[in-house]
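K.L.:
File name protein_29.pdb; file contents PDB, C-alpha atoms; full text below.
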MODEL        1
ATOM      1  CA  MET K   1     184.720 118.297 207.490
ATOM      2  CA  ARG K   2     181.754 116.283 206.288
ATOM      3  CA  LYS K   3     181.492 116.034 202.550
ATOM      4  CA  THR K   4     178.157 116.367 200.774
ATOM      5  CA  SER K   5     177.736 114.039 197.867
ATOM      6  CA  PHE K   6     176.267 114.966 194.513
ATOM      7  CA  TYR K   7     173.555 112.456 195.347
ATOM      8  CA  GLN K   8     172.509 114.500 198.382
ATOM      9  CA  HIS K   9     172.380 117.666 196.271
ATOM     10  CA  ASP K  10     170.232 115.826 193.751
ATOM     11  CA  VAL K  11     167.848 114.695 196.477
ATOM     12  CA  HIS K  12     167.526 118.204 197.860
ATOM     13  CA  PHE K  13     166.999 119.631 194.366
ATOM     14  CA  THR K  14     164.460 116.897 193.562
ATOM     15  CA  ILE K  15     162.443 117.788 196.684
ATOM     16  CA  ILE K  16     162.737 121.568 196.484
ATOM     17  CA  LEU K  17     161.892 121.939 192.798
ATOM     18  CA  PRO K  18     158.423 120.277 192.975
ATOM     19  CA  LEU K  19     157.612 122.256 196.117
ATOM     20  CA  SER K  20     158.620 125.476 194.394
ATOM     21  CA  LEU K  21     156.536 124.650 191.355
ATOM     22  CA  LEU K  22     153.580 123.792 193.581
ATOM     23  CA  ALA K  23     153.859 127.096 195.419
ATOM     24  CA  LEU K  24     154.089 128.997 192.141
ATOM     25  CA  THR K  25     151.069 127.166 190.747
ATOM     26  CA  VAL K  26     148.962 127.933 193.829
ATOM     27  CA  PHE K  27     150.051 131.575 193.689
ATOM     28  CA  LEU K  28     149.088 131.897 190.030
ATOM     29  CA  MET K  29     145.760 130.153 190.579
ATOM     30  CA  TYR K  30     144.793 132.471 193.394
ATOM     31  CA  THR K  31     146.049 135.494 191.523
ATOM     32  CA  ALA K  32     144.034 134.514 188.440
ATOM     33  CA  GLU K  33     140.982 133.821 190.550
ATOM     34  CA  PHE K  34     140.815 137.404 191.709
ATOM     35  CA  HIS K  35     140.881 138.796 188.168
ATOM     36  CA  LEU K  36     138.607 136.448 186.221
ATOM     37  CA  PRO K  37     135.278 137.872 185.101
ATOM     38  CA  THR K  38     132.109 136.286 186.402
ATOM     39  CA  PHE K  39     130.720 134.100 183.655
ATOM     40  CA  PHE K  40     127.344 133.155 185.112
ATOM     41  CA  SER K  41     126.419 135.999 187.399
ATOM     42  CA  SER K  42     123.543 138.396 187.625
ATOM     43  CA  CYS K  43     126.073 141.195 187.656
ATOM     44  CA  ARG K  44     129.664 141.021 186.465
ATOM     45  CA  THR K  45     132.108 141.212 189.351
ATOM     46  CA  SER K  46     135.838 140.800 189.687
ATOM     47  CA  ILE K  47     135.676 137.740 191.950
ATOM     48  CA  PRO K  48     133.841 134.652 190.648
ATOM     49  CA  SER K  49     132.428 131.886 192.776
ATOM     50  CA  ASP K  50     133.518 128.264 192.385
ATOM     51  CA  ASN K  51     130.099 127.465 190.877
ATOM     52  CA  ASN K  52     130.529 130.180 188.297
ATOM     53  CA  ILE K  53     133.948 128.875 187.223
ATOM     54  CA  ILE K  54     132.629 125.331 186.866
ATOM     55  CA  ARG K  55     129.499 126.383 185.002
ATOM     56  CA  SER K  56     131.518 128.552 182.606
ATOM     57  CA  LEU K  57     132.965 125.351 181.153
ATOM     58  CA  THR K  58     129.556 124.366 179.751
ATOM     59  CA  LYS K  59     127.468 126.152 177.156
ATOM     60  CA  PRO K  60     124.508 127.918 178.788
ATOM     61  CA  ASP K  61     121.017 126.926 177.761
ATOM     62  CA  LEU K  62     119.828 130.529 177.978
ATOM     63  CA  ARG K  63     121.700 133.831 177.602
ATOM     64  CA  ILE K  64     120.209 137.187 178.608
ATOM     65  CA  LEU K  65     121.740 140.642 178.343
ATOM     66  CA  VAL K  66     120.217 143.177 180.734
ATOM     67  CA  GLY K  67     120.996 146.799 179.953
ATOM     68  CA  VAL K  68     120.347 149.114 182.893
ATOM     69  CA  LEU K  69     119.879 152.533 181.307
ATOM     70  CA  THR K  70     121.368 155.147 183.593
ATOM     71  CA  THR K  71     123.611 158.227 183.453
ATOM     72  CA  ALA K  72     127.363 158.633 183.813
ATOM     73  CA  ASP K  73     126.923 160.560 187.074
ATOM     74  CA  GLY K  74     124.902 157.754 188.672
ATOM     75  CA  TYR K  75     127.828 156.286 190.615
ATOM     76  CA  GLU K  76     125.966 155.645 193.861
ATOM     77  CA  ARG K  77     122.980 154.043 192.167
ATOM     78  CA  ARG K  78     125.221 151.717 190.148
ATOM     79  CA  GLN K  79     126.984 150.597 193.300
ATOM     80  CA  ILE K  80     123.697 149.902 195.094
ATOM     81  CA  ILE K  81     122.547 147.833 192.121
ATOM     82  CA  ARG K  82     125.831 145.893 192.044
ATOM     83  CA  LEU K  83     125.529 145.149 195.757
ATOM     84  CA  ALA K  84     121.880 144.138 195.380
ATOM     85  CA  TYR K  85     122.571 141.647 192.589
ATOM     86  CA  SER K  86     125.722 140.292 194.190
ATOM     87  CA  GLN K  87     123.588 138.904 197.029
ATOM     88  CA  GLN K  88     121.173 137.019 194.790
ATOM     89  CA  ASP K  89     121.589 133.305 194.287
ATOM     90  CA  GLY K  90     123.870 132.998 191.251
ATOM     91  CA  THR K  91     122.724 129.526 190.192
ATOM     92  CA  TYR K  92     120.237 129.897 187.364
ATOM     93  CA  HIS K  93     120.225 126.348 186.002
ATOM     94  CA  ASP K  94     122.567 126.833 183.060
ATOM     95  CA  ALA K  95     121.439 130.369 182.260
ATOM     96  CA  GLU K  96     123.899 133.202 181.736
ATOM     97  CA  VAL K  97     122.652 136.660 182.698
ATOM     98  CA  ASP K  98     124.916 139.655 182.115
ATOM     99  CA  ILE K  99     123.944 143.002 183.598
ATOM    100  CA  ARG K 100     125.507 146.080 182.000
ATOM    101  CA  PHE K 101     125.072 149.745 182.842
ATOM    102  CA  VAL K 102     124.324 151.765 179.725
ATOM    103  CA  PHE K 103     124.752 155.501 179.245
ATOM    104  CA  CYS K 104     125.776 158.024 176.610
ATOM    105  CA  SER K 105     129.096 159.753 175.996
ATOM    106  CA  LEU K 106     131.053 161.195 178.922
ATOM    107  CA  THR K 107     130.946 164.994 179.211
ATOM    108  CA  LYS K 108     132.838 165.836 182.416
ATOM    109  CA  GLU K 109     136.467 165.539 183.443
ATOM    110  CA  GLU K 110     135.599 163.642 186.627
ATOM    111  CA  GLN K 111     133.481 161.141 184.690
ATOM    112  CA  SER K 112     136.440 160.129 182.543
ATOM    113  CA  VAL K 113     138.378 159.116 185.654
ATOM    114  CA  ILE K 114     135.687 157.667 187.913
ATOM    115  CA  VAL K 115     133.934 155.722 185.148
ATOM    116  CA  ALA K 116     137.312 154.395 183.999
ATOM    117  CA  LEU K 117     137.931 153.075 187.514
ATOM    118  CA  GLU K 118     134.516 151.388 187.490
ATOM    119  CA  ILE K 119     135.274 149.720 184.181
ATOM    120  CA  MET K 120     138.641 148.507 185.444
ATOM    121  CA  GLN K 121     137.052 147.068 188.569
ATOM    122  CA  TYR K 122     133.741 145.686 187.286
ATOM    123  CA  ASN K 123     133.847 145.565 183.455
ATOM    124  CA  ASP K 124     130.073 146.085 183.374
ATOM    125  CA  ILE K 125     129.596 149.382 181.505
ATOM    126  CA  ILE K 126     128.568 150.224 177.937
ATOM    127  CA  ILE K 127     129.138 153.815 176.788
ATOM    128  CA  LEU K 128     127.064 154.607 173.718
ATOM    129  CA  ASN K 129     127.906 157.158 171.051
ATOM    130  CA  CYS K 130     125.070 159.569 171.850
ATOM    131  CA  THR K 131     124.174 162.646 173.856
ATOM    132  CA  GLU K 132     122.553 161.731 177.160
ATOM    133  CA  ASN K 133     118.763 161.650 176.942
ATOM    134  CA  MET K 134     115.724 159.635 177.958
ATOM    135  CA  ASN K 135     113.270 159.940 175.114
ATOM    136  CA  ASN K 136     115.308 161.127 172.152
ATOM    137  CA  GLY K 137     116.905 157.994 170.817
ATOM    138  CA  LYS K 138     118.949 156.488 173.641
ATOM    139  CA  THR K 139     116.887 153.300 173.683
ATOM    140  CA  TYR K 140     117.211 153.029 169.903
ATOM    141  CA  THR K 141     120.992 153.480 170.137
ATOM    142  CA  TYR K 142     121.167 150.761 172.787
ATOM    143  CA  PHE K 143     119.176 148.117 170.932
ATOM    144  CA  SER K 144     120.704 148.945 167.549
ATOM    145  CA  SER K 145     124.254 148.754 168.946
ATOM    146  CA  VAL K 146     123.941 145.438 170.781
ATOM    147  CA  PRO K 147     124.055 143.135 167.705
ATOM    148  CA  THR K 148     127.374 144.670 166.643
ATOM    149  CA  LEU K 149     128.865 144.860 170.128
ATOM    150  CA  PHE K 150     128.134 141.196 170.839
ATOM    151  CA  SER K 151     128.145 139.738 167.327
ATOM    152  CA  ASP K 152     130.695 137.093 168.278
ATOM    153  CA  HIS K 153     128.624 135.817 171.204
ATOM    154  CA  PRO K 154     124.907 136.549 170.637
ATOM    155  CA  TYR K 155     122.358 136.467 173.415
ATOM    156  CA  ASP K 156     118.941 134.848 173.274
ATOM    157  CA  TYR K 157     117.281 137.937 174.726
ATOM    158  CA  VAL K 158     118.155 141.598 175.194
ATOM    159  CA  MET K 159     116.490 143.480 178.042
ATOM    160  CA  LYS K 160     116.244 147.170 178.795
ATOM    161  CA  CYS K 161     115.389 148.330 182.299
ATOM    162  CA  ASP K 162     115.508 151.534 184.314
ATOM    163  CA  ASP K 163     117.971 152.140 187.135
ATOM    164  CA  ASP K 164     115.102 152.319 189.625
ATOM    165  CA  THR K 165     114.061 148.752 188.780
ATOM    166  CA  TYR K 166     115.204 145.705 190.760
ATOM    167  CA  LEU K 167     115.123 142.331 189.029
ATOM    168  CA  ARG K 168     114.812 138.957 190.682
ATOM    169  CA  ILE K 169     117.099 137.182 188.249
ATOM    170  CA  GLY K 170     116.078 133.619 189.052
ATOM    171  CA  ASN K 171     112.396 134.417 188.516
ATOM    172  CA  LEU K 172     113.210 136.245 185.279
ATOM    173  CA  VAL K 173     115.101 133.223 183.980
ATOM    174  CA  GLU K 174     112.374 130.764 184.933
ATOM    175  CA  SER K 175     109.697 132.949 183.340
ATOM    176  CA  LEU K 176     111.546 132.622 180.027
ATOM    177  CA  ARG K 177     112.292 128.894 180.209
ATOM    178  CA  ASN K 178     109.524 127.690 177.926
ATOM    179  CA  LYS K 179     109.069 130.848 175.883
ATOM    180  CA  SER K 180     109.858 131.294 172.210
ATOM    181  CA  ARG K 181     113.290 132.695 171.399
ATOM    182  CA  GLU K 182     112.219 134.455 168.246
ATOM    183  CA  ASP K 183     109.993 137.485 167.650
ATOM    184  CA  VAL K 184     109.540 137.964 171.421
ATOM    185  CA  TYR K 185     108.275 141.131 173.114
ATOM    186  CA  TYR K 186     108.105 140.571 176.890
ATOM    187  CA  GLY K 187     107.196 142.822 179.792
ATOM    188  CA  LEU K 188     104.186 144.448 181.440
ATOM    189  CA  VAL K 189     101.453 145.420 178.960
ATOM    190  CA  ASN K 190     100.469 149.032 179.430
ATOM    191  CA  PRO K 191      97.787 149.664 180.516
ATOM    192  CA  CYS K 192      97.684 146.250 182.109
ATOM    193  CA  PHE K 193      93.878 146.119 182.389
ATOM    194  CA  ARG K 194      93.825 145.774 178.579
ATOM    195  CA  ALA K 195      96.240 142.836 178.502
ATOM    196  CA  ASP K 196      93.417 140.374 177.875
ATOM    197  CA  ASP K 197      92.249 142.319 174.807
ATOM    198  CA  ILE K 198      94.017 140.254 172.154
ATOM    199  CA  ASP K 199      93.571 142.788 169.352
ATOM    200  CA  TYR K 200      94.979 145.574 171.518
ATOM    201  CA  LYS K 201      97.771 143.400 172.866
ATOM    202  CA  MET K 202      98.963 142.351 169.415
ATOM    203  CA  ASN K 203      98.463 145.567 167.469
ATOM    204  CA  ALA K 204      98.530 148.602 169.732
ATOM    205  CA  SER K 205      99.940 147.714 173.134
ATOM    206  CA  PHE K 206     103.301 148.669 174.564
ATOM    207  CA  MET K 207     105.351 147.201 177.380
ATOM    208  CA  SER K 208     106.096 149.525 180.280
ATOM    209  CA  GLY K 209     109.534 151.123 180.073
ATOM    210  CA  LEU K 210     110.414 149.990 183.599
ATOM    211  CA  GLY K 211     111.756 146.805 182.023
ATOM    212  CA  TYR K 212     111.027 144.943 178.811
ATOM    213  CA  LEU K 213     112.807 142.313 176.796
ATOM    214  CA  LEU K 214     113.236 141.489 173.096
ATOM    215  CA  SER K 215     114.541 138.373 171.430
ATOM    216  CA  TRP K 216     117.905 138.696 169.693
ATOM    217  CA  ASP K 217     116.360 138.678 166.207
ATOM    218  CA  LEU K 218     114.338 141.785 167.053
ATOM    219  CA  ALA K 219     117.465 143.606 168.245
ATOM    220  CA  GLU K 220     119.057 142.704 164.909
ATOM    221  CA  TRP K 221     115.968 143.951 163.072
ATOM    222  CA  ILE K 222     116.070 147.285 164.955
ATOM    223  CA  SER K 223     119.717 147.753 163.983
ATOM    224  CA  GLU K 224     118.753 147.499 160.291
ATOM    225  CA  SER K 225     115.245 148.969 160.219
ATOM    226  CA  GLU K 226     114.416 152.313 158.633
ATOM    227  CA  ILE K 227     111.179 152.283 160.635
ATOM    228  CA  ALA K 228     113.158 152.422 163.868
ATOM    229  CA  ARG K 229     115.967 154.655 162.625
ATOM    230  CA  ASN K 230     113.574 157.350 161.422
ATOM    231  CA  ASN K 231     111.351 157.414 164.504
ATOM    232  CA  THR K 232     113.293 157.800 167.743
ATOM    233  CA  ASP K 233     111.733 160.781 169.542
ATOM    234  CA  GLY K 234     109.006 160.440 172.152
ATOM    235  CA  PRO K 235     108.321 158.225 175.195
ATOM    236  CA  GLU K 236     110.781 155.436 174.564
ATOM    237  CA  ASP K 237     108.530 152.506 175.478
ATOM    238  CA  ILE K 238     105.684 153.766 173.293
ATOM    239  CA  VAL K 239     108.073 154.541 170.421
ATOM    240  CA  LEU K 240     109.656 151.078 170.503
ATOM    241  CA  ALA K 241     106.237 149.433 170.500
ATOM    242  CA  SER K 242     105.252 151.566 167.506
ATOM    243  CA  TRP K 243     108.171 150.099 165.518
ATOM    244  CA  LEU K 244     107.032 146.569 166.282
ATOM    245  CA  ASN K 245     103.347 147.286 165.710
ATOM    246  CA  THR K 246     104.020 149.029 162.387
ATOM    247  CA  ALA K 247     106.201 146.191 161.116
ATOM    248  CA  LYS K 248     103.994 143.452 162.597
ATOM    249  CA  LYS K 249     106.916 142.304 164.712
ATOM    250  CA  GLY K 250     107.004 140.920 168.236
ATOM    251  CA  ARG K 251     104.125 138.547 167.627
ATOM    252  CA  ASN K 252     105.114 136.474 170.660
ATOM    253  CA  ARG K 253     104.037 138.893 173.372
ATOM    254  CA  TYR K 254     104.258 137.927 177.017
ATOM    255  CA  HIS K 255     102.487 139.957 179.691
ATOM    256  CA  ASN K 256     103.978 139.378 183.146
ATOM    257  CA  PHE K 257     101.538 140.573 185.760
ATOM    258  CA  PRO K 258     101.691 140.395 188.753
ATOM    259  CA  GLY K 259     105.407 139.525 188.596
ATOM    260  CA  ILE K 260     106.339 142.943 187.178
ATOM    261  CA  TYR K 261     104.980 145.908 189.113
ATOM    262  CA  ASP K 262     105.633 149.270 190.764
ATOM    263  CA  TYR K 263     106.771 149.698 194.345
ATOM    264  CA  LYS K 264     103.696 150.256 196.506
ATOM    265  CA  GLY K 265     105.199 152.181 199.400
ATOM    266  CA  ASP K 266     102.495 153.861 201.467
ATOM    267  CA  THR K 267      99.850 153.759 198.741
ATOM    268  CA  PRO K 268      96.707 152.417 200.455
ATOM    269  CA  ASP K 269      95.218 150.498 197.534
ATOM    270  CA  ASP K 270      96.591 147.995 195.052
ATOM    271  CA  TYR K 271      95.985 148.417 191.359
ATOM    272  CA  CYS K 272      97.295 146.780 188.229
ATOM    273  CA  PHE K 273     100.723 148.427 188.253
ATOM    274  CA  LYS K 274     101.275 148.729 191.981
ATOM    275  CA  HIS K 275     100.932 146.167 194.759
ATOM    276  CA  ALA K 276     102.770 144.734 197.767
ATOM    277  CA  PHE K 277     105.931 142.690 197.368
ATOM    278  CA  ILE K 278     105.437 139.050 196.368
ATOM    279  CA  PRO K 279     107.909 136.117 196.293
ATOM    280  CA  GLU K 280     107.200 135.634 192.573
ATOM    281  CA  THR K 281     108.553 139.091 191.743
ATOM    282  CA  ILE K 282     110.325 139.409 188.399
ATOM    283  CA  ALA K 283     110.822 143.178 188.559
ATOM    284  CA  VAL K 284     109.823 145.896 191.008
ATOM    285  CA  HIS K 285     109.988 149.505 189.809
ATOM    286  CA  LEU K 286     109.960 153.032 191.241
ATOM    287  CA  LEU K 287     112.824 152.524 193.688
ATOM    288  CA  LYS K 288     113.620 156.223 193.491
ATOM    289  CA  GLY K 289     115.688 156.545 196.661
ATOM    290  CA  ASN K 290     117.858 154.554 199.034
ATOM    291  CA  LEU K 291     114.951 153.954 201.421
ATOM    292  CA  GLU K 292     112.907 152.269 198.685
ATOM    293  CA  TRP K 293     115.896 150.112 197.763
ATOM    294  CA  ALA K 294     116.506 149.243 201.422
ATOM    295  CA  ARG K 295     112.894 148.208 202.018
ATOM    296  CA  THR K 296     112.867 146.118 198.855
ATOM    297  CA  LEU K 297     116.116 144.369 199.701
ATOM    298  CA  LYS K 298     114.898 143.792 203.248
ATOM    299  CA  TYR K 299     111.797 142.006 201.948
ATOM    300  CA  PHE K 300     113.942 139.730 199.777
ATOM    301  CA  ASN K 301     116.281 139.082 202.729
ATOM    302  CA  ALA K 302     119.354 140.383 200.931
ATOM    303  CA  THR K 303     121.396 140.677 204.136
ATOM    304  CA  LYS K 304     120.840 137.100 205.292
ATOM    305  CA  GLY K 305     124.542 136.349 204.853
ATOM    306  CA  LEU K 306     125.659 139.028 207.318
ATOM    307  CA  LYS K 307     127.645 137.473 210.150
ATOM    308  CA  PRO K 308     127.599 138.923 213.702
ATOM    309  CA  SER K 309     130.637 140.899 214.753
ATOM    310  CA  ASN K 310     131.614 143.197 217.607
ATOM    311  CA  LEU K 311     132.881 145.585 214.916
ATOM    312  CA  TYR K 312     129.302 146.695 214.206
ATOM    313  CA  HIS K 313     128.056 149.058 216.921
ATOM    314  CA  VAL K 314     124.417 148.975 215.847
ATOM    315  CA  PRO K 315     121.527 148.573 218.327
ATOM    316  CA  SER K 316     119.608 146.167 216.086
ATOM    317  CA  TRP K 317     121.135 144.820 212.887
ATOM    318  CA  PRO K 318     119.782 144.736 210.256
ATOM    319  CA  GLY K 319     116.059 143.971 210.439
ATOM    320  CA  GLN K 320     114.730 146.528 212.910
ATOM    321  CA  LEU K 321     116.705 149.484 211.616
ATOM    322  CA  ILE K 322     113.916 150.074 209.125
ATOM    323  CA  SER K 323     110.359 150.490 210.337
ATOM    324  CA  GLU K 324     107.821 147.974 209.169
ATOM    325  CA  PHE K 325     105.954 148.791 205.971
TER     326      PHE K 325
ENDMDL
END
What does the file become when written as structure tokens?
P.N.:
Amino acid sequence: MRKTSFYQHDVHFTIILPLSLLALTVFLMYTAEFHLPTFFSSCRTSIPSDNNIIRSLTKPDLRILVGVLTTADGYERRQIIRLAYSQQDGTYHDAEVDIRFVFCSLTKEEQSVIVALEIMQYNDIIILNCTENMNNGKTYTYFSSVPTLFSDHPYDYVMKCDDDTYLRIGNLVESLRNKSREDVYYGLVNPCFRADDIDYKMNASFMSGLGYLLSWDLAEWISESEIARNNTDGPEDIVLASWLNTAKKGRNRYHNFPGIYDYKGDTPDDYCFKHAFIPETIAVHLLKGNLEWARTLKYFNATKGLKPSNLYHVPSWPGQLISEF
């Protein structure tokens, strides 16, 4: 019988141990990869890209929180929005953009389960302590809550937008590059034909509720202001502007036409709120149904990454499935 020396055992152990450690390390790395939050993404997802992991090691030059105001029952719309943003280019030149879905307290048994699953999967939801509403204080609750919710990691800007608004995140970021980061009120002046009237713009105007943005200091001011706290009922975009106009706040006002506009659809004529899609789009609004979302995403070539496969029995995929518009 051949004898095995202690030396041979040592050699085998010396070889096997590093290989085992290497395998364990690779396993843990891949396991961790599939549970890390996205640090520099237009929408938080459970699987980050390599670029996002690398960029998370550096401090961003610009941080934006986008709150999409929606309702707890809006499961399908939230998923469409997640899919839409997941296909945008996630490299924003050292800018961090976090998109969160914002709604009031849960009221149904099914919401408590389905929303919980969404939170576990995406970690992109804020549930406010309020009764669901549009024009009775929800926007106030959102802006006044943000400074406390994110006090340990403040943003430069806080945005509110509707769930029928699609943002082009890269264009949004670039439009803010050289803007002030204090006392900022940014959006689409309403009515936009008065945007060049400086007195109106600075003292009476309001930004359309489809999507507007405030600097962090204004969110902090709202959280402490009696003017805001005591005046929360009415069309939310007009009410918010009234707080700023009364207090002489938001002196850095940025009107973003034509980059922010309403979906044109079959409307024959353009006007100041509504026109055809343009590459310079910052936000397009009035995407009320799946067809409007599909046509918008088609224009911005959202499905360009789709690879051919014999698993898809579709006569023409994806461009000609939707008629021209």
K.L.:
Pick out the closest residue to K:Gly234 from this set: K:His153, K:Lys138, K:Arg78, K:His275. Count only C-alpha atoms.
P.N.:
K:Lys138
K.L.:
Of the candidates K:Arg253, K:Arg181, K:His285, K:Arg77, which shows the shortest atom-to-atom distance to K:Tyr200, using only C-alpha atoms?
P.N.:
K:Arg253
K.L.:
From the list K:Thr131, K:Asn123, K:Thr141, K:Ser86, which residue is nearest K:Thr107 when using all atoms listed in the file?
P.N.:
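So, comparing all the options, the nearest one is K:Thr131.
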K.L.:
Please write as a list of chain:residue names the full residue list that the PyMOL selection byres ((chain K and resi 128) around 9) yields on this file.
P.N.:
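So the PyMOL selection byres ((chain K and resi 128) around 9), applied here, picks out K:Val102, K:Phe103, K:Cys104, K:Ser105, K:Ile126, K:Ile127, K:Asn129, K:Cys130, K:Thr131, K:Lys138, K:Thr141, K:Tyr142, K:Ser145.
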K.L.:
Keeping only C-alpha atoms, write the selected residues as a PDB file, in the frame of the given file.
P.N.:
ATOM      1  CA  VAL K 102     124.324 151.765 179.725  1.00  0.00           C
ATOM      2  CA  PHE K 103     124.752 155.501 179.245  1.00  0.00           C
ATOM      3  CA  CYS K 104     125.776 158.024 176.610  1.00  0.00           C
ATOM      4  CA  SER K 105     129.096 159.753 175.996  1.00  0.00           C
ATOM      5  CA  ILE K 126     128.568 150.224 177.937  1.00  0.00           C
ATOM      6  CA  ILE K 127     129.138 153.815 176.788  1.00  0.00           C
ATOM      7  CA  ASN K 129     127.906 157.158 171.051  1.00  0.00           C
ATOM      8  CA  CYS K 130     125.070 159.569 171.850  1.00  0.00           C
ATOM      9  CA  THR K 131     124.174 162.646 173.856  1.00  0.00           C
ATOM     10  CA  LYS K 138     118.949 156.488 173.641  1.00  0.00           C
ATOM     11  CA  THR K 141     120.992 153.480 170.137  1.00  0.00           C
ATOM     12  CA  TYR K 142     121.167 150.761 172.787  1.00  0.00           C
ATOM     13  CA  SER K 145     124.254 148.754 168.946  1.00  0.00           C
TER      14      SER K 145
END
K.L.:
Tell me which of K:Ile282, K:Val239, K:Val68, K:Leu167 sits closest to K:Pro258, counting only C-alpha atoms.
P.N.:
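Among the listed residues, K:Ile282 lies closest to K:Pro258.
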K.L.:
Specify as a list in words each residue included when the PyMOL selection byres ((chain K and resi 64) around 6) is applied to this file.
P.N.:
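Here the PyMOL selection byres ((chain K and resi 64) around 6) matches Arg63, Leu65, Val97, Tyr155, Asp156, Tyr157 and Val158 of chain K.
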K.L.:
Just how far from atom CA of K:Arg82 is atom CA of K:Lys179, in Å to one decimal?
P.N.:
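Computed distance, atom CA of K:Lys179 to atom CA of K:Arg82, equals 27.7 Å.
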K.L.:
Selection in question (the file shown): the PyMOL selection byres ((chain K and resi 272) around 9). Which residues does it include, as an MDAnalysis selection string?
P.N.:
chainID K and resid 191:193 257:258 261 270:271 273:275
K.L.:
May I have the residues within 9 Å of K:Glu220 as a list in words, using only C-alpha atoms and disregarding those fewer than 2 positions away in the same chain?
P.N.:
Phe143, Ser144, Ser145, Val146, Pro147, Thr148, Trp216, Asp217, Leu218, Ile222, Ser223, Glu224 and Ser225 of chain K
K.L.:
Please enclose the listed atoms of stretch 68-80 of chain K in an axis-aligned box, pad each side by 6 Å, and write out the centre and the three edge lengths in Å, rounded to one decimal, as AutoDock Vina command-line options.
P.N.:
--center_x 123.9 --center_y 154.8 --center_z 188.2 --size_x 19.9 --size_y 23.4 --size_z 25.8
K.L.:
So which one's closest to K:Arg194, K:Ala276, K:Glu174, K:Glu109, K:His255? Using only C-alpha atoms, please.
P.N.:
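Closest to K:Arg194 of all the choices is K:His255.
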K.L.:
Could you please fill out stretch 143-147 of chain K with all heavy atoms and send it back as a CSV table (one decimal), keeping the file's coordinate frame?
P.N.:
chain,number,residue,atom,x,y,z
K,143,PHE,N,119.6,149.4,171.6
K,143,PHE,CA,119.2,148.1,170.9
K,143,PHE,C,119.9,148.0,169.6
K,143,PHE,O,120.2,146.8,169.2
K,143,PHE,CB,117.7,148.1,170.8
K,143,PHE,CG,116.9,147.6,172.0
K,143,PHE,CD1,116.1,148.5,172.7
K,143,PHE,CD2,117.0,146.3,172.4
K,143,PHE,CE1,115.5,148.0,173.9
K,143,PHE,CE2,116.3,145.8,173.5
K,143,PHE,CZ,115.6,146.7,174.2
K,144,SER,N,120.1,149.0,168.9
K,144,SER,CA,120.7,148.9,167.5
K,144,SER,C,122.2,148.7,167.6
K,144,SER,O,122.8,148.2,166.7
K,144,SER,CB,120.5,150.2,166.7
K,144,SER,OG,121.1,151.4,167.3
K,145,SER,N,122.8,149.0,168.8
K,145,SER,CA,124.3,148.8,168.9
K,145,SER,C,124.6,147.3,169.4
K,145,SER,O,125.7,146.8,169.1
K,145,SER,CB,124.8,149.8,170.0
K,145,SER,OG,124.7,151.1,169.5
K,146,VAL,N,123.7,146.7,170.2
K,146,VAL,CA,123.9,145.4,170.8
K,146,VAL,C,124.3,144.4,169.8
K,146,VAL,O,125.3,143.6,170.0
K,146,VAL,CB,122.7,145.0,171.6
K,146,VAL,CG1,122.8,143.5,171.9
K,146,VAL,CG2,122.7,145.8,172.9
K,147,PRO,N,123.7,144.2,168.6
K,147,PRO,CA,124.1,143.1,167.7
K,147,PRO,C,125.5,143.3,167.2
K,147,PRO,O,126.1,142.2,166.9
K,147,PRO,CB,123.0,143.3,166.6
K,147,PRO,CG,121.8,143.9,167.2
K,147,PRO,CD,122.4,144.9,168.2
